[in-house]
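Text of structure_7.cif (mmCIF, C-alpha atoms) as supplied:
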data_data
loop_
_atom_site.group_PDB
_atom_site.id
_atom_site.type_symbol
_atom_site.label_atom_id
_atom_site.label_comp_id
_atom_site.auth_asym_id
_atom_site.auth_seq_id
_atom_site.Cartn_x
_atom_site.Cartn_y
_atom_site.Cartn_z
ATOM 1 C CA MET A 1 -122.806 122.947 251.216
ATOM 2 C CA ILE A 2 -121.822 119.503 252.513
ATOM 3 C CA GLY A 3 -124.676 117.009 252.596
ATOM 4 C CA ASP A 4 -125.539 113.369 253.181
ATOM 5 C CA LEU A 5 -126.114 110.931 250.303
ATOM 6 C CA ALA A 6 -129.777 111.798 249.679
ATOM 7 C CA THR A 7 -129.091 115.546 249.679
ATOM 8 C CA PHE A 8 -125.998 115.086 247.531
ATOM 9 C CA GLN A 9 -127.916 113.070 244.917
ATOM 10 C CA ASP A 10 -130.747 115.620 244.871
ATOM 11 C CA GLU A 11 -128.268 118.422 244.278
ATOM 12 C CA LEU A 12 -126.530 116.445 241.530
ATOM 13 C CA ALA A 13 -129.858 115.854 239.770
ATOM 14 C CA ALA A 14 -130.726 119.558 240.057
ATOM 15 C CA SER A 15 -127.363 120.375 238.454
ATOM 16 C CA GLY A 16 -128.157 118.255 235.388
ATOM 17 C CA PHE A 17 -126.235 115.082 236.241
ATOM 18 C CA PRO A 18 -127.622 111.650 235.364
ATOM 19 C CA PRO A 19 -128.771 109.461 238.282
ATOM 20 C CA LEU A 20 -125.893 107.558 239.889
ATOM 21 C CA VAL A 21 -125.730 104.494 242.124
ATOM 22 C CA ASN A 22 -122.800 104.638 244.570
ATOM 23 C CA LYS A 23 -121.974 101.148 245.872
ATOM 24 C CA LEU A 24 -119.654 102.455 248.599
ATOM 25 C CA ALA A 25 -121.986 105.111 250.023
ATOM 26 C CA GLY A 26 -123.073 104.491 253.594
ATOM 27 C CA ALA A 27 -124.708 106.401 256.416
ATOM 28 C CA ASP A 28 -121.509 108.404 256.939
ATOM 29 C CA PHE A 29 -121.378 109.638 253.322
ATOM 30 C CA ARG A 30 -120.611 113.354 252.993
ATOM 31 C CA GLY A 31 -120.259 115.131 249.650
ATOM 32 C CA ARG A 32 -120.162 118.730 248.474
ATOM 33 C CA VAL A 33 -121.692 120.231 245.315
ATOM 34 C CA VAL A 34 -121.182 123.806 244.054
ATOM 35 C CA THR A 35 -122.842 124.796 240.781
ATOM 36 C CA SER A 36 -121.935 127.835 238.658
ATOM 37 C CA ASP A 37 -123.269 129.012 235.291
ATOM 38 C CA LEU A 38 -121.038 130.649 232.699
ATOM 39 C CA GLY A 39 -123.177 131.567 229.709
ATOM 40 C CA PRO A 40 -124.498 128.281 228.254
ATOM 41 C CA LEU A 41 -121.991 126.276 230.319
ATOM 42 C CA ARG A 42 -122.739 124.755 233.711
ATOM 43 C CA LEU A 43 -119.761 124.075 235.966
ATOM 44 C CA VAL A 44 -120.291 121.583 238.791
ATOM 45 C CA SER A 45 -117.571 121.305 241.458
ATOM 46 C CA LEU A 46 -117.674 118.103 243.494
ATOM 47 C CA ASP A 47 -115.881 116.913 246.611
ATOM 48 C CA THR A 48 -116.581 113.245 247.247
ATOM 49 C CA PRO A 49 -115.317 110.419 249.473
ATOM 50 C CA GLU A 50 -114.091 107.140 248.030
ATOM 51 C CA SER A 51 -116.740 106.020 245.542
ATOM 52 C CA ALA A 52 -117.719 103.289 243.100
ATOM 53 C CA CYS A 53 -120.552 104.553 240.915
ATOM 54 C CA ALA A 54 -122.555 103.526 237.883
ATOM 55 C CA GLY A 55 -124.876 105.472 235.601
ATOM 56 C CA TRP A 56 -127.224 103.741 233.205
ATOM 57 C CA GLU A 57 -128.261 104.424 229.628
ATOM 58 C CA ARG A 58 -130.848 107.194 229.297
ATOM 59 C CA ASP A 59 -133.195 108.325 226.565
ATOM 60 C CA ALA A 60 -131.559 110.456 223.859
ATOM 61 C CA THR A 61 -133.948 113.300 224.729
ATOM 62 C CA ASP A 62 -132.000 113.663 228.005
ATOM 63 C CA GLY A 63 -128.791 114.221 226.100
ATOM 64 C CA GLU A 64 -128.756 117.981 225.590
ATOM 65 C CA ASN A 65 -125.304 118.196 227.203
ATOM 66 C CA LEU A 66 -121.978 116.447 227.004
ATOM 67 C CA ALA A 67 -119.882 116.372 230.173
ATOM 68 C CA LEU A 68 -116.163 117.188 230.394
ATOM 69 C CA LYS A 69 -114.768 115.990 233.718
ATOM 70 C CA VAL A 70 -111.591 117.650 235.041
ATOM 71 C CA MET A 71 -109.773 116.136 238.015
ATOM 72 C CA VAL A 72 -108.545 118.497 240.718
ATOM 73 C CA ARG A 73 -107.480 116.092 243.472
ATOM 74 C CA GLY A 74 -107.373 112.309 243.809
ATOM 75 C CA ARG A 75 -107.563 109.581 241.184
ATOM 76 C CA THR A 76 -110.453 108.139 239.157
ATOM 77 C CA ARG A 77 -110.912 105.246 236.753
ATOM 78 C CA ILE A 78 -113.801 105.731 234.286
ATOM 79 C CA GLU A 79 -115.257 103.306 231.741
ATOM 80 C CA GLN A 80 -117.580 104.451 228.964
ATOM 81 C CA GLY A 81 -117.941 103.204 225.415
ATOM 82 C CA ARG A 82 -114.646 101.736 224.283
ATOM 83 C CA GLY A 83 -112.690 103.965 226.650
ATOM 84 C CA ASP A 84 -111.118 103.053 229.978
ATOM 85 C CA ALA A 85 -109.458 106.138 231.472
ATOM 86 C CA GLU A 86 -107.168 106.373 234.488
ATOM 87 C CA LEU A 87 -107.252 110.004 235.584
ATOM 88 C CA GLY A 88 -104.948 111.878 237.926
ATOM 89 C CA PRO A 89 -104.944 115.556 238.951
ATOM 90 C CA ALA A 90 -105.532 117.931 235.990
ATOM 91 C CA ASP A 91 -106.537 115.142 233.577
ATOM 92 C CA LEU A 92 -109.784 115.327 231.576
ATOM 93 C CA VAL A 93 -112.318 112.932 230.092
ATOM 94 C CA LEU A 94 -115.366 113.462 227.882
ATOM 95 C CA LEU A 95 -118.561 111.657 228.945
ATOM 96 C CA ASP A 96 -121.943 111.253 227.295
ATOM 97 C CA PRO A 97 -124.606 111.330 230.068
ATOM 98 C CA THR A 98 -127.008 109.254 227.941
ATOM 99 C CA ARG A 99 -124.665 106.242 227.884
ATOM 100 C CA THR A 100 -123.825 103.668 230.528
ATOM 101 C CA PHE A 101 -120.665 104.461 232.468
ATOM 102 C CA ARG A 102 -118.842 103.283 235.578
ATOM 103 C CA PHE A 103 -116.184 104.849 237.706
ATOM 104 C CA GLU A 104 -114.171 104.188 240.823
ATOM 105 C CA SER A 105 -112.371 106.972 242.655
ATOM 106 C CA THR A 106 -110.398 107.757 245.735
ATOM 107 C CA ALA A 107 -111.553 110.652 247.896
ATOM 108 C CA SER A 108 -111.380 113.357 245.250
ATOM 109 C CA ALA A 109 -112.317 116.786 243.949
ATOM 110 C CA HIS A 110 -113.286 117.441 240.355
ATOM 111 C CA VAL A 111 -115.014 119.984 238.124
ATOM 112 C CA THR A 112 -117.444 118.856 235.445
ATOM 113 C CA ILE A 113 -118.371 121.207 232.610
ATOM 114 C CA LEU A 114 -121.761 120.485 231.059
ATOM 115 C CA VAL A 115 -121.510 121.684 227.447
ATOM 116 C CA PRO A 116 -124.537 121.871 225.107
ATOM 117 C CA ARG A 117 -123.901 119.550 222.171
ATOM 118 C CA ARG A 118 -125.073 122.209 219.722
ATOM 119 C CA GLU A 119 -122.364 124.591 220.998
ATOM 120 C CA LEU A 120 -119.548 122.073 220.719
ATOM 121 C CA ARG A 121 -120.549 120.979 217.201
ATOM 122 C CA ILE A 122 -119.029 117.530 217.535
ATOM 123 C CA ARG A 123 -120.127 114.656 215.290
ATOM 124 C CA PRO A 124 -121.613 111.428 216.716
ATOM 125 C CA ALA A 125 -118.791 109.405 215.203
ATOM 126 C CA GLN A 126 -116.250 111.588 216.983
ATOM 127 C CA ILE A 127 -118.102 111.263 220.289
ATOM 128 C CA ASP A 128 -117.889 107.479 219.892
ATOM 129 C CA ARG A 129 -114.116 107.742 219.615
ATOM 130 C CA LEU A 130 -113.640 110.246 222.439
ATOM 131 C CA VAL A 131 -115.900 109.203 225.321
ATOM 132 C CA GLY A 132 -114.021 107.521 228.135
ATOM 133 C CA GLU A 133 -110.613 108.438 226.701
ATOM 134 C CA ARG A 134 -108.096 110.201 228.956
ATOM 135 C CA ILE A 135 -106.986 113.660 227.826
ATOM 136 C CA ASP A 136 -103.654 114.697 229.306
ATOM 137 C CA GLY A 137 -104.095 117.807 231.443
ATOM 138 C CA SER A 138 -100.396 118.441 232.007
ATOM 139 C CA HIS A 139 -99.528 120.066 228.687
ATOM 140 C CA GLY A 140 -100.943 121.298 225.389
ATOM 141 C CA PRO A 141 -104.623 122.191 224.853
ATOM 142 C CA GLY A 142 -105.704 119.834 227.654
ATOM 143 C CA ALA A 143 -103.679 121.837 230.174
ATOM 144 C CA LEU A 144 -105.345 125.096 229.109
ATOM 145 C CA VAL A 145 -108.825 123.601 229.451
ATOM 146 C CA SER A 146 -107.924 122.058 232.811
ATOM 147 C CA VAL A 147 -106.765 125.373 234.259
ATOM 148 C CA LEU A 148 -109.695 127.309 232.792
ATOM 149 C CA ALA A 149 -112.237 124.815 234.154
ATOM 150 C CA ARG A 150 -110.909 125.138 237.678
ATOM 151 C CA GLU A 151 -110.572 128.915 237.540
ATOM 152 C CA SER A 152 -113.986 129.416 235.909
ATOM 153 C CA ALA A 153 -115.672 127.330 238.594
ATOM 154 C CA ARG A 154 -114.142 129.591 241.256
ATOM 155 C CA SER A 155 -114.734 132.944 239.573
ATOM 156 C CA ALA A 156 -118.029 132.591 237.638
ATOM 157 C CA THR A 157 -119.731 134.967 240.087
ATOM 158 C CA GLU A 158 -117.454 137.782 238.893
ATOM 159 C CA PHE A 159 -118.733 137.778 235.295
ATOM 160 C CA ARG A 160 -121.450 140.050 233.995
ATOM 161 C CA GLU A 161 -123.731 138.329 231.489
ATOM 162 C CA ALA A 162 -122.064 139.752 228.383
ATOM 163 C CA GLU A 163 -118.643 138.792 229.738
ATOM 164 C CA ALA A 164 -119.917 135.317 230.628
ATOM 165 C CA LEU A 165 -121.204 134.669 227.102
ATOM 166 C CA ARG A 166 -117.970 135.731 225.456
ATOM 167 C CA SER A 167 -115.830 133.854 227.989
ATOM 168 C CA ALA A 168 -117.938 130.712 227.555
ATOM 169 C CA ALA A 169 -117.440 130.901 223.781
ATOM 170 C CA ALA A 170 -113.668 130.975 224.341
ATOM 171 C CA VAL A 171 -113.811 128.017 226.747
ATOM 172 C CA ILE A 172 -115.935 126.006 224.281
ATOM 173 C CA GLU A 173 -113.458 126.733 221.491
ATOM 174 C CA LEU A 174 -110.556 125.545 223.653
ATOM 175 C CA ILE A 175 -112.472 122.387 224.584
ATOM 176 C CA ALA A 176 -113.000 121.732 220.868
ATOM 177 C CA VAL A 177 -109.254 122.202 220.261
ATOM 178 C CA ALA A 178 -108.396 119.773 223.083
ATOM 179 C CA LEU A 179 -110.817 117.167 221.737
ATOM 180 C CA GLU A 180 -109.564 117.592 218.179
ATOM 181 C CA SER A 181 -106.012 117.234 219.470
ATOM 182 C CA ARG A 182 -106.983 113.912 221.074
ATOM 183 C CA LEU A 183 -108.520 112.823 217.781
ATOM 184 C CA GLY A 184 -105.424 114.021 215.980
ATOM 185 C CA ASP A 185 -103.305 111.221 217.392
ATOM 186 C CA ARG A 186 -103.954 109.591 214.018
ATOM 187 C CA GLN A 187 -103.525 111.139 210.586
ATOM 188 C CA PRO A 188 -106.829 112.487 209.245
ATOM 189 C CA ALA A 189 -108.308 110.909 206.150
ATOM 190 C CA PRO A 190 -107.952 113.058 203.010
ATOM 191 C CA ASP A 191 -111.622 114.087 203.107
ATOM 192 C CA GLU A 192 -111.358 115.051 206.772
ATOM 193 C CA GLY A 193 -108.272 117.152 206.129
ATOM 194 C CA LEU A 194 -109.972 118.975 203.259
ATOM 195 C CA ARG A 195 -113.115 119.513 205.323
ATOM 196 C CA ASN A 196 -111.028 120.968 208.165
ATOM 197 C CA ARG A 197 -109.360 123.403 205.758
ATOM 198 C CA ILE A 198 -112.758 124.439 204.403
ATOM 199 C CA THR A 199 -114.120 124.967 207.911
ATOM 200 C CA GLY A 200 -111.140 127.205 208.718
ATOM 201 C CA TYR A 201 -111.705 129.096 205.469
ATOM 202 C CA ILE A 202 -115.342 129.696 206.442
ATOM 203 C CA GLU A 203 -114.412 130.883 209.951
ATOM 204 C CA ALA A 204 -111.958 133.414 208.541
ATOM 205 C CA ARG A 205 -114.505 134.866 206.085
ATOM 206 C CA LEU A 206 -117.776 134.978 208.023
ATOM 207 C CA ALA A 207 -117.960 138.750 207.635
ATOM 208 C CA ASP A 208 -117.956 138.459 203.832
ATOM 209 C CA PRO A 209 -121.598 138.758 202.650
ATOM 210 C CA ASP A 210 -120.668 136.903 199.432
ATOM 211 C CA LEU A 211 -119.440 133.801 201.278
ATOM 212 C CA SER A 212 -121.362 130.901 199.727
ATOM 213 C CA PRO A 213 -120.934 127.252 198.701
ATOM 214 C CA PRO A 214 -120.066 128.058 195.047
ATOM 215 C CA GLY A 215 -117.329 130.497 196.089
ATOM 216 C CA ILE A 216 -115.967 128.093 198.712
ATOM 217 C CA ALA A 217 -115.898 125.249 196.192
ATOM 218 C CA ALA A 218 -114.094 127.392 193.625
ATOM 219 C CA ALA A 219 -111.504 128.526 196.192
ATOM 220 C CA HIS A 220 -110.676 124.877 196.933
ATOM 221 C CA HIS A 221 -110.768 123.730 193.292
ATOM 222 C CA ILE A 222 -113.624 121.293 193.795
ATOM 223 C CA SER A 223 -117.194 121.148 192.491
ATOM 224 C CA VAL A 224 -120.168 122.319 194.559
ATOM 225 C CA ARG A 225 -121.420 118.731 194.495
ATOM 226 C CA ARG A 226 -118.113 117.541 195.961
ATOM 227 C CA LEU A 227 -118.315 120.227 198.644
ATOM 228 C CA HIS A 228 -121.769 119.131 199.749
ATOM 229 C CA LYS A 229 -120.614 115.502 199.710
ATOM 230 C CA LEU A 230 -117.824 116.374 202.154
ATOM 231 C CA PHE A 231 -120.386 117.679 204.673
ATOM 232 C CA GLU A 232 -123.193 115.168 204.184
ATOM 233 C CA ASP A 233 -122.332 113.259 207.401
ATOM 234 C CA GLN A 234 -121.823 116.439 209.436
ATOM 235 C CA PRO A 235 -124.354 117.981 211.855
ATOM 236 C CA LEU A 236 -124.754 121.015 209.538
ATOM 237 C CA THR A 237 -124.640 121.565 205.809
ATOM 238 C CA VAL A 238 -122.180 124.143 204.466
ATOM 239 C CA ALA A 239 -124.836 126.869 204.211
ATOM 240 C CA ALA A 240 -126.229 126.027 207.660
ATOM 241 C CA LEU A 241 -122.724 126.102 209.153
ATOM 242 C CA ILE A 242 -122.104 129.591 207.731
ATOM 243 C CA ARG A 243 -125.475 130.766 209.024
ATOM 244 C CA ARG A 244 -125.007 129.305 212.499
ATOM 245 C CA ARG A 245 -121.492 130.666 212.990
ATOM 246 C CA ARG A 246 -122.593 134.123 211.833
ATOM 247 C CA LEU A 247 -125.515 134.051 214.267
ATOM 248 C CA GLU A 248 -123.189 133.037 217.102
ATOM 249 C CA ARG A 249 -120.869 135.940 216.326
ATOM 250 C CA CYS A 250 -123.838 138.313 216.207
ATOM 251 C CA ARG A 251 -125.234 137.088 219.519
ATOM 252 C CA ALA A 252 -121.887 137.507 221.260
ATOM 253 C CA GLU A 253 -121.419 141.010 219.838
ATOM 254 C CA LEU A 254 -124.952 142.144 220.682
ATOM 255 C CA THR A 255 -124.384 141.285 224.344
ATOM 256 C CA GLY A 256 -121.069 143.067 224.540
ATOM 257 C CA SER A 257 -121.231 146.174 222.345
ATOM 258 C CA GLY A 258 -123.300 149.294 221.855
ATOM 259 C CA ARG A 259 -123.880 148.721 218.131
ATOM 260 C CA THR A 260 -127.342 148.526 216.650
ATOM 261 C CA VAL A 261 -128.836 145.224 215.549
ATOM 262 C CA THR A 262 -128.638 146.284 211.902
ATOM 263 C CA ALA A 263 -124.958 147.245 212.220
ATOM 264 C CA VAL A 264 -124.003 144.004 213.925
ATOM 265 C CA ALA A 265 -125.947 141.927 211.400
ATOM 266 C CA ALA A 266 -124.266 143.726 208.481
ATOM 267 C CA ARG A 267 -120.838 143.289 210.075
ATOM 268 C CA TRP A 268 -121.312 139.504 209.988
ATOM 269 C CA GLY A 269 -122.650 139.168 206.475
ATOM 270 C CA PHE A 270 -126.429 139.589 206.912
ATOM 271 C CA THR A 271 -127.461 142.184 204.348
ATOM 272 C CA ASP A 272 -131.229 141.941 204.983
ATOM 273 C CA PRO A 273 -132.125 143.142 208.533
ATOM 274 C CA THR A 274 -135.644 141.672 208.391
ATOM 275 C CA HIS A 275 -134.365 138.253 207.356
ATOM 276 C CA PHE A 276 -131.720 138.411 210.085
ATOM 277 C CA SER A 277 -134.275 139.262 212.792
ATOM 278 C CA LYS A 278 -136.528 136.358 211.790
ATOM 279 C CA LEU A 279 -133.599 133.948 211.599
ATOM 280 C CA PHE A 280 -132.245 135.050 214.982
ATOM 281 C CA LYS A 281 -135.603 134.581 216.711
ATOM 282 C CA THR A 282 -136.170 131.197 215.069
ATOM 283 C CA THR A 283 -132.746 129.998 216.220
ATOM 284 C CA TYR A 284 -132.642 131.371 219.774
ATOM 285 C CA GLY A 285 -136.298 131.895 220.654
ATOM 286 C CA TYR A 286 -136.012 135.622 221.385
ATOM 287 C CA ASN A 287 -135.503 138.836 219.434
ATOM 288 C CA ALA A 288 -132.057 140.237 218.762
ATOM 289 C CA ARG A 289 -133.314 143.712 219.652
ATOM 290 C CA ALA A 290 -134.633 142.447 222.993
ATOM 291 C CA LEU A 291 -131.209 140.982 223.752
ATOM 292 C CA MET A 292 -129.498 144.311 223.145
ATOM 293 C CA THR A 293 -132.142 146.261 225.108
ATOM 294 C CA SER A 294 -131.773 143.850 228.013
ATOM 295 C CA ASN A 295 -128.000 144.246 227.919
ATOM 296 C CA ARG A 296 -128.296 148.050 228.060
ATOM 297 C CA ALA A 297 -130.639 147.803 231.027
ATOM 298 C CA ARG A 298 -128.223 145.505 232.863
ATOM 299 C CA THR A 299 -125.306 147.810 232.093
ATOM 300 C CA THR A 300 -127.187 150.791 233.547
ATOM 301 C CA LYS A 301 -128.187 148.805 236.618
ATOM 302 C CA THR A 302 -124.692 147.510 237.359
ATOM 303 C CA ARG A 303 -123.293 151.018 237.638
ATOM 304 C CA THR A 304 -124.879 151.229 241.055
ATOM 305 C CA ALA A 305 -125.417 147.552 241.944
ATOM 306 C CA ASP A 306 -123.165 145.214 243.885
ATOM 307 C CA PRO A 307 -120.982 143.433 241.262
ATOM 308 C CA GLU A 308 -121.788 140.060 242.829
ATOM 309 C CA GLN A 309 -125.406 140.480 241.741
ATOM 310 C CA ASP A 310 -124.327 140.005 238.133
ATOM 311 C CA GLY A 311 -123.002 136.458 238.579
ATOM 312 C CA ALA A 312 -124.996 133.284 238.213
ATOM 313 C CA HIS A 313 -123.905 131.114 241.136
ATOM 314 C CA ARG A 314 -125.542 128.602 243.411
ATOM 315 C CA SER A 315 -123.709 126.918 246.262
ATOM 316 C CA ARG A 316 -125.237 123.661 247.311
#

Could you render the structure from this file as structure tokens?
Amino acid sequence: MIGDLATFQDELAASGFPPLVNKLAGADFRGRVVTSDLGPLRLVSLDTPESACAGWERDATDGENLALKVMVRGRTRIEQGRGDAELGPADLVLLDPTRTFRFESTASAHVTILVPRRELRIRPAQIDRLVGERIDGSHGPGALVSVLARESARSATEFREAEALRSAAAVIELIAVALESRLGDRQPAPDEGLRNRITGYIEARLADPDLSPPGIAAAHHISVRRLHKLFEDQPLTVAALIRRRRLERCRAELTGSGRTVTAVAARWGFTDPTHFSKLFKTTYGYNARALMTSNRARTTKTRTADPEQDGAHRSR
């Protein structure tokens, strides 16, 4: 819905945005907010008049999400960190809601994707280099993300939960590709290149129950010590990365297939069902079996329910 400044700011706060001060907002201010959820992603569509806004530094505990802003109409200039981005239609920029930022825009429309940091798996040093930097939305990975952001914001109500989780995983992966492409404007350091090859090796072999640091090190002709050294400044160790990516694959498959928990766990390299169940609950806060049971119940219900009931959508 279209609201005045106070209503607009309340709706922004409810959507997960940091508090903003708009220097150009007056009594005639009218803005529109539409919020959609796609799995762990929150998509916030905004229509705003000419604005000049600032957001101030917040406590790190408020920083669960990073924000990827995609322009739809109009132009915006955004400053955050060392970046100073001039954005036109389809362009993107990554923002960290815990950091000070400023922007000036014409009357515009944009979609912001709030992405959990843990899902994007991006290092603090990389965030420092990316925030406030324009990502071209006219070609390459940026164009794919730009189109998907706009389409997802319009069609999130059409996804059942299992579809939403799997679609969100694909969107997150494409966002990661677009960000890595922006980082890739320079040649990676030798260690970074090797680490990227190792990460790709891990992704391709997650289903192998014997995948382990010693085997990975041997396959790349380095010592286990050297392998761990390569990942010491990363969010996850090698073993934790393998574990997390396997759990993510299991969670996606449990919400979208009729396989048993034991079968899904075994498919992604977990040979001990009891250990898998404990690990899954510790990581996500709920049982894997409960997730599958809930999915079956939803599937049965949607055979007779209105399809729109399956979406997670709030128009504000």

- Task: Go through A:Ala6, A:Ala164, A:Ile127, A:Leu247 and flag the residue nearest Arg99 in chain A, using only C-alpha atoms for the distances.
- Result: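 Result for the nearest residue to Arg99 in chain A: A:Ile127.
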
- Query: What is the distance, in Å and to one decimal place, between CA of Phe103 in chain A and CA of Glu50 in chain A?
  - Reply: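 Separation between CA of Phe103 in chain A and CA of Glu50 in chain A: 10.8 Å.
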
- Task: Skip Thr48 in chain A itself and residues of its chain fewer than 4 positions away, then list as an MDAnalysis selection string all residues within 9 Å of it, counting all atoms listed in the file.
- Result: chainID A and resid 29:33 105:110

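Residues surrounding range 23-27 of chain A within 8 Å are Asp4, Leu5, Val21, Phe29, Glu50, Ser51, Ala52 and Cys53 of chain A [all atoms listed in the file; sequence separation below 2 positions excluded].
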
- Please write as a ChimeraX atom specification the full residue list that the PyMOL selection byres ((chain A and resi 166) around 12) yields on this file. /A:38-41,159-165,167-173,248-257

Limited to C-alpha atoms, could you put the picked residues into a file as an mmCIF file, in the frame of the given file?
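File again31.cif, as written:
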data_model
loop_
_atom_site.group_PDB
_atom_site.id
_atom_site.type_symbol
_atom_site.label_atom_id
_atom_site.label_comp_id
_atom_site.auth_asym_id
_atom_site.auth_seq_id
_atom_site.Cartn_x
_atom_site.Cartn_y
_atom_site.Cartn_z
ATOM 1 C CA LEU A 38 -121.038 130.649 232.699
ATOM 2 C CA GLY A 39 -123.177 131.567 229.709
ATOM 3 C CA PRO A 40 -124.498 128.281 228.254
ATOM 4 C CA LEU A 41 -121.991 126.276 230.319
ATOM 5 C CA PHE A 159 -118.733 137.778 235.295
ATOM 6 C CA ARG A 160 -121.450 140.050 233.995
ATOM 7 C CA GLU A 161 -123.731 138.329 231.489
ATOM 8 C CA ALA A 162 -122.064 139.752 228.383
ATOM 9 C CA GLU A 163 -118.643 138.792 229.738
ATOM 10 C CA ALA A 164 -119.917 135.317 230.628
ATOM 11 C CA LEU A 165 -121.204 134.669 227.102
ATOM 12 C CA SER A 167 -115.830 133.854 227.989
ATOM 13 C CA ALA A 168 -117.938 130.712 227.555
ATOM 14 C CA ALA A 169 -117.440 130.901 223.781
ATOM 15 C CA ALA A 170 -113.668 130.975 224.341
ATOM 16 C CA VAL A 171 -113.811 128.017 226.747
ATOM 17 C CA ILE A 172 -115.935 126.006 224.281
ATOM 18 C CA GLU A 173 -113.458 126.733 221.491
ATOM 19 C CA GLU A 248 -123.189 133.037 217.102
ATOM 20 C CA ARG A 249 -120.869 135.940 216.326
ATOM 21 C CA CYS A 250 -123.838 138.313 216.207
ATOM 22 C CA ARG A 251 -125.234 137.088 219.519
ATOM 23 C CA ALA A 252 -121.887 137.507 221.260
ATOM 24 C CA GLU A 253 -121.419 141.010 219.838
ATOM 25 C CA LEU A 254 -124.952 142.144 220.682
ATOM 26 C CA THR A 255 -124.384 141.285 224.344
ATOM 27 C CA GLY A 256 -121.069 143.067 224.540
ATOM 28 C CA SER A 257 -121.231 146.174 222.345
#

- Message: Translate the PyMOL selection byres ((chain A and resi 42) around 6) into a concrete residue list for this structure, as a count of residues only.
- Response: 6

- One decimal place gives the CA of Gly285 in chain A-CA of Ala67 in chain A separation as 24.5 Å

Could you give me the centre and size, in Å to one decimal, of an axis-aligned box around all listed atoms of range 84-95 of chain A with 5 Å added on every side, as AutoDock Vina command-line options?
--center_x -111.8 --center_y 110.5 --center_z 233.4 --size_x 23.6 --size_y 24.9 --size_z 21.1

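Rounded to one decimal, CA of Arg121 in chain A and CA of Leu291 in chain A lie 23.6 Å from each other.
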
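Once the PyMOL selection byres ((chain A and resi 148-150) around 9) is applied to the depicted file, the selected set reads Leu43, Ser45, Val70, Val72, His110, Val111, Thr112, Ile113, Ala143, Leu144, Val145, Ser146, Val147, Glu151, Ser152, Ala153, Arg154, Ser155 and Val171 of chain A.
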
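Using only C-alpha atoms, the smallest distance between any of A:Asp47, A:Arg243, A:Arg123, A:Ala178 and Arg73 in chain A comes from A:Asp47.
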
- Message: Under the rule that only C-alpha atoms are counted, which of A:Asp233, A:Asp91, A:Asp191, A:Asp84 is the nearest residue to Ile122 in chain A?
- Response: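 Among the listed residues, A:Asp233 lies closest to Ile122 in chain A.
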